[in-house]
Amino acid sequence: MTDPAPRPATRDETLEAIWLQAATAGRPMPGESTLAADLSMSRAAVREALVRLEERGYLRRRKGAGTVVNPSLLDIPARFDLQVDKSDLIAATGRTPAVEILGSELSPITVDEAVQFRIAPGTPVFRIRKLWRADGDPVMLARDAVPVRRRPPIPPAADHTIFTLATELADEHPEWEIAWPAAEALDEPDARLLGRHPGDPMLSVELTGIGRSGQVAYWSSELHIPGALRYALVRSIRHP
């Protein structure tokens, strides 16, 4: 059997590759007209792709001043403001990822969850506990929850990301994720799993995935060992 043909690059991926060349060489991005001609794209399509790159902090466009790139992103292995699979996040830091499924179950939604996420009482929820490792060392503990709005067979948790589980079980394709970071002290059970001491400070992140319809597709609670995964938040500064 022959390997499938590689997927063609999207417009955004093509523009990101050009950004990488410009940032590495320390030069500005080509202009819209040049990009449109070189890539056989309309200027409108190029403009839309550049707007998305600007929103993500890759570049800044100013009328009459050209397009400048943000070279500091070359030093960022992974970004907190861009959701990626945890395996890709760990791999981006140069380490080998591994995940251990600590347990999974199907249980009714709690009263507090039903109110917080505006989900009908009695809705079953598929819950998964995961321990993520980097080069064998524990770095993150995750508790994922997906409301089951349709009744397909529950797939093995190890074979799916929370995004695919949400699509299959919650009948929602996740489009947005809201993250609430905080500091939290480890309790004894989680400290044992992470190889730390009870009371150690941790980065706690509460996540809510929102689907195309606006309904909640999943929610998750994560504990990150501080400094174990170094990734950044990139924000553009709006000048008056």
# chains A, B, ... in the order shown; residues from 1 in each chain; ligands from 1
>>> residues_around(residues="stretch 217-228 of chain A", least_positions_apart="4", cutoff="6 Å", atoms="only C-alpha atoms", output="list in words")
Val139, Met140, Leu141, Ala142, Arg143, Asp144, Ala145, Val146, Ala166, Ala170, Glu172, Met202, Leu203, Ser204, Val205, Glu206, Leu207, Thr208, Gly209, Ile210 and Gly211 of chain A
>>> select_by_dssp(residues="stretch 95-167 of chain A", states="helix (DSSP H, G or I)", output="ChimeraX atom specification")
/A:111-117,157-159,162-167
>>> residues_around(residues="A:Ala45", least_positions_apart="6", cutoff="12 Å", atoms="only C-alpha atoms", output="PyMOL selection string")
chain A and resi 10-12+15+32-33+35-37+39+51-52
>>> residues_around(residues="stretch 116-129 of chain A", least_positions_apart="2", cutoff="6 Å", atoms="only C-alpha atoms", output="ChimeraX atom specification")
/A:102-109,113-114,142-148
>>> write_last_selection(atoms="C-alpha atoms", output="compact mmCIF listing (two decimals), in the first residue's frame")
# COMPACT_ATOMS: atom_id res chain seq x y z
CA LEU A 102 -5.83 7.07 34.85
CA GLY A 103 -9.50 6.32 34.49
CA SER A 104 -12.71 7.07 32.62
CA GLU A 105 -16.37 6.80 33.43
CA LEU A 106 -19.84 7.79 32.33
CA SER A 107 -21.73 9.60 35.08
CA PRO A 108 -24.61 12.10 35.38
CA ILE A 109 -23.86 15.79 35.22
CA GLU A 113 -22.11 21.73 36.21
CA ALA A 114 -25.60 21.88 34.73
CA ALA A 142 -5.98 16.74 33.33
CA ARG A 143 -9.60 15.98 34.14
CA ASP A 144 -11.69 16.20 30.97
CA ALA A 145 -15.49 16.09 30.75
CA VAL A 146 -17.64 15.79 27.63
CA PRO A 147 -21.47 15.97 27.76
CA VAL A 148 -23.05 13.09 25.87
>>> select_by_dssp(residues="stretch 3-160 of chain A", states="strand (DSSP E or B)", output="PyMOL selection string")
chain A and resi 59-62+66-69+79+97-108+124-134+137-147
>>> residues_around(residues="A:Ile90", least_positions_apart="5", cutoff="12 Å", atoms="only C-alpha atoms", output="list in words")
Pro77, Ala78, Arg79, Val84, Asp85, Arg95, Thr96, Pro97, Ala98, Val99, Trp132, Arg133, Ala134, Asp135, Gly136, Asp137, Pro138, Val139, Met140, His224, Ala228, Leu229, Arg230 and Tyr231 of chain A
>>> write_last_selection(atoms="N, CA, C and O atoms", output="short mmCIF file (atom, residue, chain, number, x, y, z; two decimals), in the first residue's frame")
data_model
loop_
_atom_site.label_atom_id
_atom_site.label_comp_id
_atom_site.auth_asym_id
_atom_site.auth_seq_id
_atom_site.Cartn_x
_atom_site.Cartn_y
_atom_site.Cartn_z
N PRO A 77 8.59 28.12 21.98
CA PRO A 77 8.28 26.77 21.48
C PRO A 77 6.80 26.47 21.40
O PRO A 77 6.36 25.70 20.55
N ALA A 78 6.01 27.05 22.30
CA ALA A 78 4.57 26.79 22.30
C ALA A 78 3.86 27.98 22.94
O ALA A 78 4.44 28.70 23.74
N ARG A 79 2.57 28.15 22.59
CA ARG A 79 1.83 29.31 23.02
C ARG A 79 0.59 28.93 23.82
O ARG A 79 -0.18 28.05 23.43
N VAL A 84 -3.50 23.64 21.27
CA VAL A 84 -3.02 22.52 20.47
C VAL A 84 -3.14 21.26 21.31
O VAL A 84 -3.32 21.32 22.54
N ASP A 85 -3.04 20.12 20.66
CA ASP A 85 -3.05 18.87 21.39
C ASP A 85 -1.86 18.85 22.36
O ASP A 85 -0.77 19.33 22.05
N ARG A 95 10.74 17.65 23.91
CA ARG A 95 10.71 16.42 24.70
C ARG A 95 9.70 15.43 24.13
O ARG A 95 8.85 15.78 23.33
N THR A 96 9.81 14.20 24.57
CA THR A 96 8.95 13.13 24.06
C THR A 96 7.68 13.04 24.92
O THR A 96 7.78 12.85 26.14
N PRO A 97 6.51 13.20 24.29
CA PRO A 97 5.26 13.16 25.08
C PRO A 97 4.75 11.74 25.29
O PRO A 97 4.99 10.84 24.49
N ALA A 98 4.04 11.57 26.39
CA ALA A 98 3.34 10.31 26.67
C ALA A 98 2.16 10.65 27.58
O ALA A 98 2.23 11.56 28.40
N VAL A 99 1.07 9.92 27.40
CA VAL A 99 -0.11 10.15 28.22
C VAL A 99 -0.57 8.83 28.82
O VAL A 99 -0.55 7.79 28.17
N TRP A 132 -0.03 13.49 31.93
CA TRP A 132 0.87 13.74 30.81
C TRP A 132 2.30 13.75 31.30
O TRP A 132 2.60 14.30 32.36
N ARG A 133 3.19 13.14 30.51
CA ARG A 133 4.61 13.08 30.84
C ARG A 133 5.44 13.66 29.70
O ARG A 133 5.05 13.58 28.53
N ALA A 134 6.59 14.21 30.06
CA ALA A 134 7.57 14.69 29.09
C ALA A 134 8.89 14.02 29.42
O ALA A 134 9.42 14.20 30.52
N ASP A 135 9.38 13.22 28.47
CA ASP A 135 10.59 12.41 28.71
C ASP A 135 10.44 11.57 29.97
O ASP A 135 11.40 11.35 30.72
N GLY A 136 9.23 11.10 30.21
CA GLY A 136 8.97 10.24 31.36
C GLY A 136 8.62 10.95 32.65
O GLY A 136 8.18 10.32 33.61
N ASP A 137 8.82 12.26 32.71
CA ASP A 137 8.55 13.01 33.94
C ASP A 137 7.13 13.58 33.91
O ASP A 137 6.72 14.17 32.91
N PRO A 138 6.36 13.44 35.01
CA PRO A 138 5.01 14.03 35.04
C PRO A 138 5.08 15.55 34.91
O PRO A 138 5.91 16.20 35.55
N VAL A 139 4.21 16.09 34.06
CA VAL A 139 4.19 17.54 33.88
C VAL A 139 2.78 18.13 33.98
O VAL A 139 2.63 19.32 34.23
N MET A 140 1.76 17.29 33.82
CA MET A 140 0.40 17.84 33.79
C MET A 140 -0.62 16.75 34.13
O MET A 140 -0.48 15.61 33.71
N HIS A 224 -0.71 22.11 36.05
CA HIS A 224 0.59 22.13 35.38
C HIS A 224 1.68 22.35 36.43
O HIS A 224 1.57 23.27 37.25
N ALA A 228 7.57 23.34 34.03
CA ALA A 228 7.81 22.08 33.32
C ALA A 228 7.56 22.23 31.83
O ALA A 228 8.27 21.64 31.01
N LEU A 229 6.54 23.00 31.47
CA LEU A 229 6.26 23.30 30.07
C LEU A 229 6.31 24.80 29.91
O LEU A 229 5.44 25.52 30.40
N ARG A 230 7.33 25.27 29.22
CA ARG A 230 7.51 26.71 29.07
C ARG A 230 6.84 27.16 27.78
O ARG A 230 7.29 26.85 26.69
N TYR A 231 5.71 27.86 27.93
CA TYR A 231 5.06 28.43 26.77
C TYR A 231 4.51 29.79 27.13
O TYR A 231 4.39 30.13 28.30
#
>>> residues_around(residues="stretch 58-75 of chain A", least_positions_apart="4", cutoff="9 Å", atoms="only C-alpha atoms", output="ChimeraX atom specification")
/A:16,19-20,22-24,26-31,50-54,234,236
>>> atom_distance(atom1="atom CA of A:Ala92", atom2="atom CA of A:Ala182")
23.4 Å
>>> closest_residue(among="A:Leu82, A:Ala183, A:Leu165, A:Val216", to="A:Asp200", atoms="only C-alpha atoms")
A:Ala183
>>> closest_residue(among="A:Ala191, A:Ala185, A:Leu89, A:Met41", to="A:Ala232", atoms="only C-alpha atoms")
A:Leu89
>>> closest_residue(among="A:Lys86, A:Arg238, A:Arg150, A:Lys130", to="A:Leu193", atoms="only C-alpha atoms")
A:Lys130
>>> atom_distance(atom1="atom CA of A:Gly199", atom2="atom CA of A:Leu131")
18.8 Å
>>> atom_distance(atom1="atom CA of A:Thr14", atom2="atom CA of A:Arg56")
15.2 Å
>>> closest_residue(among="A:Ile178, A:Ile237, A:Ile162, A:Ile18", to="A:Asp81", atoms="only C-alpha atoms")
A:Ile178
>>> decode(residues="stretch 16-48 of chain A", atoms="N, CA and C atoms", output="PDB file, in the first residue's frame")
ATOM      1  N   GLU A  16       2.516  31.585   6.890  1.00  0.00           N
ATOM      2  CA  GLU A  16       3.369  31.373   8.063  1.00  0.00           C
ATOM      3  C   GLU A  16       4.781  30.984   7.633  1.00  0.00           C
ATOM      4  N   ALA A  17       4.899  30.157   6.588  1.00  0.00           N
ATOM      5  CA  ALA A  17       6.220  29.767   6.093  1.00  0.00           C
ATOM      6  C   ALA A  17       6.985  30.983   5.566  1.00  0.00           C
ATOM      7  N   ILE A  18       6.273  31.888   4.885  1.00  0.00           N
ATOM      8  CA  ILE A  18       6.919  33.109   4.394  1.00  0.00           C
ATOM      9  C   ILE A  18       7.305  34.007   5.572  1.00  0.00           C
ATOM     10  N   TRP A  19       6.422  34.080   6.585  1.00  0.00           N
ATOM     11  CA  TRP A  19       6.767  34.827   7.799  1.00  0.00           C
ATOM     12  C   TRP A  19       8.032  34.273   8.431  1.00  0.00           C
ATOM     13  N   LEU A  20       8.147  32.940   8.510  1.00  0.00           N
ATOM     14  CA  LEU A  20       9.316  32.316   9.132  1.00  0.00           C
ATOM     15  C   LEU A  20      10.598  32.702   8.391  1.00  0.00           C
ATOM     16  N   GLN A  21      10.528  32.697   7.066  1.00  0.00           N
ATOM     17  CA  GLN A  21      11.697  33.096   6.278  1.00  0.00           C
ATOM     18  C   GLN A  21      12.069  34.544   6.552  1.00  0.00           C
ATOM     19  N   ALA A  22      11.054  35.419   6.598  1.00  0.00           N
ATOM     20  CA  ALA A  22      11.313  36.839   6.831  1.00  0.00           C
ATOM     21  C   ALA A  22      11.854  37.073   8.235  1.00  0.00           C
ATOM     22  N   ALA A  23      11.239  36.420   9.247  1.00  0.00           N
ATOM     23  CA  ALA A  23      11.682  36.611  10.632  1.00  0.00           C
ATOM     24  C   ALA A  23      13.096  36.088  10.832  1.00  0.00           C
ATOM     25  N   THR A  24      13.406  34.953  10.233  1.00  0.00           N
ATOM     26  CA  THR A  24      14.742  34.374  10.373  1.00  0.00           C
ATOM     27  C   THR A  24      15.794  35.259   9.714  1.00  0.00           C
ATOM     28  N   ALA A  25      15.432  35.842   8.572  1.00  0.00           N
ATOM     29  CA  ALA A  25      16.379  36.691   7.839  1.00  0.00           C
ATOM     30  C   ALA A  25      16.397  38.133   8.344  1.00  0.00           C
ATOM     31  N   GLY A  26      15.448  38.495   9.223  1.00  0.00           N
ATOM     32  CA  GLY A  26      15.403  39.849   9.748  1.00  0.00           C
ATOM     33  C   GLY A  26      14.931  40.874   8.738  1.00  0.00           C
ATOM     34  N   ARG A  27      13.988  40.490   7.889  1.00  0.00           N
ATOM     35  CA  ARG A  27      13.484  41.431   6.893  1.00  0.00           C
ATOM     36  C   ARG A  27      11.960  41.500   6.972  1.00  0.00           C
ATOM     37  N   PRO A  28      11.342  42.542   6.425  1.00  0.00           N
ATOM     38  CA  PRO A  28       9.880  42.638   6.463  1.00  0.00           C
ATOM     39  C   PRO A  28       9.215  41.631   5.534  1.00  0.00           C
ATOM     40  N   MET A  29       7.932  41.429   5.753  1.00  0.00           N
ATOM     41  CA  MET A  29       7.146  40.570   4.865  1.00  0.00           C
ATOM     42  C   MET A  29       6.974  41.256   3.515  1.00  0.00           C
ATOM     43  N   PRO A  30       6.884  40.491   2.427  1.00  0.00           N
ATOM     44  CA  PRO A  30       6.522  41.090   1.131  1.00  0.00           C
ATOM     45  C   PRO A  30       5.146  41.737   1.213  1.00  0.00           C
ATOM     46  N   GLY A  31       4.873  42.687   0.341  1.00  0.00           N
ATOM     47  CA  GLY A  31       3.587  43.365   0.315  1.00  0.00           C
ATOM     48  C   GLY A  31       2.484  42.485  -0.244  1.00  0.00           C
ATOM     49  N   GLU A  32       1.245  42.936  -0.075  1.00  0.00           N
ATOM     50  CA  GLU A  32       0.086  42.165  -0.531  1.00  0.00           C
ATOM     51  C   GLU A  32       0.161  41.844  -2.019  1.00  0.00           C
ATOM     52  N   SER A  33       0.489  42.840  -2.842  1.00  0.00           N
ATOM     53  CA  SER A  33       0.507  42.617  -4.291  1.00  0.00           C
ATOM     54  C   SER A  33       1.572  41.602  -4.666  1.00  0.00           C
ATOM     55  N   THR A  34       2.745  41.663  -4.026  1.00  0.00           N
ATOM     56  CA  THR A  34       3.813  40.700  -4.310  1.00  0.00           C
ATOM     57  C   THR A  34       3.399  39.297  -3.894  1.00  0.00           C
ATOM     58  N   LEU A  35       2.819  39.173  -2.711  1.00  0.00           N
ATOM     59  CA  LEU A  35       2.371  37.865  -2.230  1.00  0.00           C
ATOM     60  C   LEU A  35       1.294  37.297  -3.138  1.00  0.00           C
ATOM     61  N   ALA A  36       0.348  38.134  -3.531  1.00  0.00           N
ATOM     62  CA  ALA A  36      -0.737  37.669  -4.401  1.00  0.00           C
ATOM     63  C   ALA A  36      -0.195  37.144  -5.718  1.00  0.00           C
ATOM     64  N   ALA A  37       0.777  37.843  -6.302  1.00  0.00           N
ATOM     65  CA  ALA A  37       1.354  37.405  -7.575  1.00  0.00           C
ATOM     66  C   ALA A  37       2.176  36.144  -7.404  1.00  0.00           C
ATOM     67  N   ASP A  38       3.005  36.093  -6.354  1.00  0.00           N
ATOM     68  CA  ASP A  38       3.877  34.937  -6.157  1.00  0.00           C
ATOM     69  C   ASP A  38       3.097  33.673  -5.813  1.00  0.00           C
ATOM     70  N   LEU A  39       1.979  33.836  -5.113  1.00  0.00           N
ATOM     71  CA  LEU A  39       1.217  32.676  -4.642  1.00  0.00           C
ATOM     72  C   LEU A  39      -0.017  32.396  -5.494  1.00  0.00           C
ATOM     73  N   SER A  40      -0.227  33.169  -6.537  1.00  0.00           N
ATOM     74  CA  SER A  40      -1.402  33.015  -7.407  1.00  0.00           C
ATOM     75  C   SER A  40      -2.690  33.070  -6.587  1.00  0.00           C
ATOM     76  N   MET A  41      -2.754  34.044  -5.696  1.00  0.00           N
ATOM     77  CA  MET A  41      -3.919  34.258  -4.858  1.00  0.00           C
ATOM     78  C   MET A  41      -4.447  35.663  -5.100  1.00  0.00           C
ATOM     79  N   SER A  42      -5.713  35.866  -4.808  1.00  0.00           N
ATOM     80  CA  SER A  42      -6.267  37.209  -4.908  1.00  0.00           C
ATOM     81  C   SER A  42      -5.738  38.051  -3.748  1.00  0.00           C
ATOM     82  N   ARG A  43      -5.712  39.364  -3.951  1.00  0.00           N
ATOM     83  CA  ARG A  43      -5.251  40.241  -2.880  1.00  0.00           C
ATOM     84  C   ARG A  43      -6.181  40.160  -1.670  1.00  0.00           C
ATOM     85  N   ALA A  44      -7.474  39.935  -1.935  1.00  0.00           N
ATOM     86  CA  ALA A  44      -8.423  39.817  -0.823  1.00  0.00           C
ATOM     87  C   ALA A  44      -8.094  38.604   0.037  1.00  0.00           C
ATOM     88  N   ALA A  45      -7.753  37.475  -0.612  1.00  0.00           N
ATOM     89  CA  ALA A  45      -7.405  36.264   0.131  1.00  0.00           C
ATOM     90  C   ALA A  45      -6.119  36.463   0.920  1.00  0.00           C
ATOM     91  N   VAL A  46      -5.133  37.123   0.302  1.00  0.00           N
ATOM     92  CA  VAL A  46      -3.884  37.412   1.004  1.00  0.00           C
ATOM     93  C   VAL A  46      -4.148  38.321   2.201  1.00  0.00           C
ATOM     94  N   ARG A  47      -4.979  39.337   1.998  1.00  0.00           N
ATOM     95  CA  ARG A  47      -5.274  40.284   3.071  1.00  0.00           C
ATOM     96  C   ARG A  47      -5.924  39.570   4.256  1.00  0.00           C
ATOM     97  N   GLU A  48      -6.872  38.674   3.978  1.00  0.00           N
ATOM     98  CA  GLU A  48      -7.538  37.937   5.047  1.00  0.00           C
ATOM     99  C   GLU A  48      -6.550  37.088   5.827  1.00  0.00           C
TER     100      GLU A  48
END
